[in-house]
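A.B. asks: Take a look at the following structure, please.
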Amino acid sequence: LASNMDKCFKLIQSGSKLVDQELLYEEGLNYFFTLKFLKNFDENDQFIVPAWTPFMQAVHFFETRCGYVEIMRSQRVERVYFALPVTCIPGGALDKDFPEMFDAERSDPDRKNQNFLDNMLAVIQRTMHQEVVRDSNMAWTIQ
């Protein structure tokens with residue numbers, strides 16, 4: 001899987017016209033998603049990390065272009081992986097750092113949801129404050 005993911009990455013990077021770039025991207029992401037899924041069960045990093053270590057450029061490429069959500073279903077947490085829209089890729093139009101959104105209790109679904117809402121309120125309050133400052137003489141203080 002890791003080797004095939006790397007082959008897709010290299011063909012994408014080279015701009016190869018042998019295979020449609022969109023298909024290469026999709027196939028590479030699917031290999032990456034499978035590896036990420038399997039890594040959840042590789043508790044001691046015995047299998048997946050050694051398998052993808054020689055291909056870290058490809059891992060980083062696909063890792064920055066995907067996201068996941070956790071869904072609680074039948075008292076079980078499931079992860080759903082997805083490709084990010086181009087505007088969300090690092091350096092894209094929506095690439096903003098909100099590290100507080102990831103600071104959440106994950107062992108209890110109710111606490112996780114409450115932490116997410118609390119963190120979202122903090123981000124909204126900060127953004128609203130920055131908008132007020134942008135409209136003032138202190139606009140130069142905000143990026």
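By convention in this document, the chains of the structure tokens carry letters A, B, ... by their order, each chain's residues are numbered from 1, and ligands are numbered from 1 in the order they are shown.
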For the structure I just gave you, how does DSSP split stretch 3-94 of chain A - specifically, which residues are helix (DSSP H, G or I)? Reply as an NGL selection string.
C.D. replies: :A and (3-14 or 21-39 or 48-63 or 86-88)
A.B. asks: Would you mind listing what lies within 12 Å of A:Leu11 as a list in words, with only C-alpha atoms counted and same-chain residues fewer than 3 positions away left out?
C.D. replies: Asn4, Met5, Asp6, Lys7, Cys8, Ser14, Gly15, Ser16, Lys17, Leu18, Val19, Asp20, Gln21, Glu22, Leu23, Leu24, Tyr25, Glu27, Gly28 and Ala58 of chain A
A.B. asks: Atoms to include: N, CA and C atoms. Write the selected residues as a short mmCIF file (atom, residue, chain, number, x, y, z; two decimals), in the first residue's frame.
C.D. replies:
data_model
loop_
_atom_site.label_atom_id
_atom_site.label_comp_id
_atom_site.auth_asym_id
_atom_site.auth_seq_id
_atom_site.Cartn_x
_atom_site.Cartn_y
_atom_site.Cartn_z
N ASN A 4 2.64 1.76 -3.33
CA ASN A 4 1.71 2.23 -4.38
C ASN A 4 1.32 3.69 -4.16
N MET A 5 1.14 4.07 -2.90
CA MET A 5 0.84 5.47 -2.58
C MET A 5 2.00 6.35 -3.06
N ASP A 6 3.23 5.91 -2.81
CA ASP A 6 4.40 6.66 -3.23
C ASP A 6 4.49 6.77 -4.76
N LYS A 7 4.14 5.71 -5.45
CA LYS A 7 4.15 5.75 -6.92
C LYS A 7 3.16 6.78 -7.44
N CYS A 8 1.98 6.82 -6.84
CA CYS A 8 0.99 7.83 -7.24
C CYS A 8 1.53 9.22 -6.98
N SER A 14 5.58 14.52 -10.91
CA SER A 14 6.25 14.63 -12.21
C SER A 14 5.35 15.23 -13.28
N GLY A 15 4.05 15.30 -12.97
CA GLY A 15 3.11 15.84 -13.95
C GLY A 15 2.87 14.87 -15.10
N SER A 16 3.01 13.59 -14.82
CA SER A 16 2.87 12.56 -15.85
C SER A 16 1.53 12.65 -16.56
N LYS A 17 1.58 12.47 -17.87
CA LYS A 17 0.36 12.48 -18.68
C LYS A 17 -0.08 11.06 -19.02
N LEU A 18 0.63 10.06 -18.49
CA LEU A 18 0.29 8.66 -18.76
C LEU A 18 -1.06 8.28 -18.16
N VAL A 19 -1.33 8.85 -16.99
CA VAL A 19 -2.58 8.57 -16.28
C VAL A 19 -3.18 9.91 -15.87
N ASP A 20 -4.49 9.99 -15.89
CA ASP A 20 -5.18 11.20 -15.47
C ASP A 20 -4.75 11.59 -14.05
N GLN A 21 -4.34 12.85 -13.87
CA GLN A 21 -3.85 13.33 -12.57
C GLN A 21 -4.90 13.19 -11.47
N GLU A 22 -6.16 13.42 -11.81
CA GLU A 22 -7.23 13.29 -10.82
C GLU A 22 -7.35 11.86 -10.32
N LEU A 23 -7.23 10.90 -11.25
CA LEU A 23 -7.30 9.49 -10.86
C LEU A 23 -6.10 9.10 -10.00
N LEU A 24 -4.93 9.61 -10.33
CA LEU A 24 -3.74 9.35 -9.52
C LEU A 24 -3.92 9.89 -8.11
N TYR A 25 -4.42 11.10 -8.02
CA TYR A 25 -4.65 11.74 -6.73
C TYR A 25 -5.65 10.93 -5.90
N GLU A 27 -6.48 7.74 -6.24
CA GLU A 27 -5.92 6.44 -5.87
C GLU A 27 -4.89 6.58 -4.74
N GLY A 28 -4.03 7.59 -4.84
CA GLY A 28 -3.05 7.82 -3.77
C GLY A 28 -3.72 8.11 -2.44
N ALA A 58 5.52 11.27 0.38
CA ALA A 58 4.17 10.94 -0.07
C ALA A 58 3.19 10.99 1.09
#
A.B. asks: List every residue of chain A that DSSP, applied to the backbone of this structure, places in strand (DSSP E), and write the result as number ranges by chain.
C.D. replies: A: 66-73, 76-83
A.B. asks: To one decimal place, how far is atom CA of A:Ala104 from atom CA of A:Met120 in Å?
C.D. replies: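 Separation of atom CA of A:Ala104 and atom CA of A:Met120: 11.1 Å.
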A.B. asks: Here is a test: counting only C-alpha atoms, which residue of A:Thr64, A:Ser74, A:Val69, A:Gln13 is nearest to A:Val86?
C.D. replies: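 The shortest atom-to-atom distance to A:Val86 comes from A:Thr64.
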A.B. asks: Please provide as a ChimeraX atom specification all residues within 9 Å of A:Pro54, with the sequence filter that same-chain residues fewer than 3 positions apart are discarded (counting only C-alpha atoms).
C.D. replies: /A:2-3,50-51,57
A.B. asks: Put those residues in a file: N, CA and C atoms, as a PDB file, in the first residue's frame.
C.D. replies:
ATOM      1  N   ALA A   2       1.868   1.281   0.883  1.00  0.00           N
ATOM      2  CA  ALA A   2       2.707   2.469   0.990  1.00  0.00           C
ATOM      3  C   ALA A   2       3.488   2.701  -0.299  1.00  0.00           C
ATOM      4  N   SER A   3       3.982   1.641  -0.881  1.00  0.00           N
ATOM      5  CA  SER A   3       4.745   1.748  -2.125  1.00  0.00           C
ATOM      6  C   SER A   3       3.854   2.264  -3.260  1.00  0.00           C
ATOM      7  N   PRO A  50       6.664   1.608  10.102  1.00  0.00           N
ATOM      8  CA  PRO A  50       7.829   1.130   9.336  1.00  0.00           C
ATOM      9  C   PRO A  50       7.527   0.975   7.840  1.00  0.00           C
ATOM     10  N   ALA A  51       6.273   0.659   7.502  1.00  0.00           N
ATOM     11  CA  ALA A  51       5.924   0.475   6.090  1.00  0.00           C
ATOM     12  C   ALA A  51       5.923   1.803   5.339  1.00  0.00           C
ATOM     13  N   GLN A  57       7.673  11.625   2.118  1.00  0.00           N
ATOM     14  CA  GLN A  57       7.224  12.740   1.270  1.00  0.00           C
ATOM     15  C   GLN A  57       5.796  12.499   0.798  1.00  0.00           C
TER      16      GLN A  57
END
A.B. asks: Could you work out how far atom CA of A:Arg65 lies from atom CA of A:Asp45, giving the answer in Å with one decimal?
C.D. replies: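 Interatomic distance, atom CA of A:Asp45 to atom CA of A:Arg65: 22.5 Å.
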A.B. asks: Point out the residue among A:Leu38, A:Leu29, A:Ala122, A:Ala83 with the least atom-to-atom distance to A:Val59, counting only C-alpha atoms.
C.D. replies: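 So, comparing all the options, the nearest one is A:Leu29.
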A.B. asks: In Å, how far is it from atom CA of A:Met72 to atom CA of A:Leu121?
C.D. replies: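 The value is 22.3 Å.
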A.B. asks: Smallest atom-to-atom distance to A:Phe37: which of A:Met56, A:Val80, A:Cys66, A:Met138, using only C-alpha atoms?
C.D. replies: A:Val80
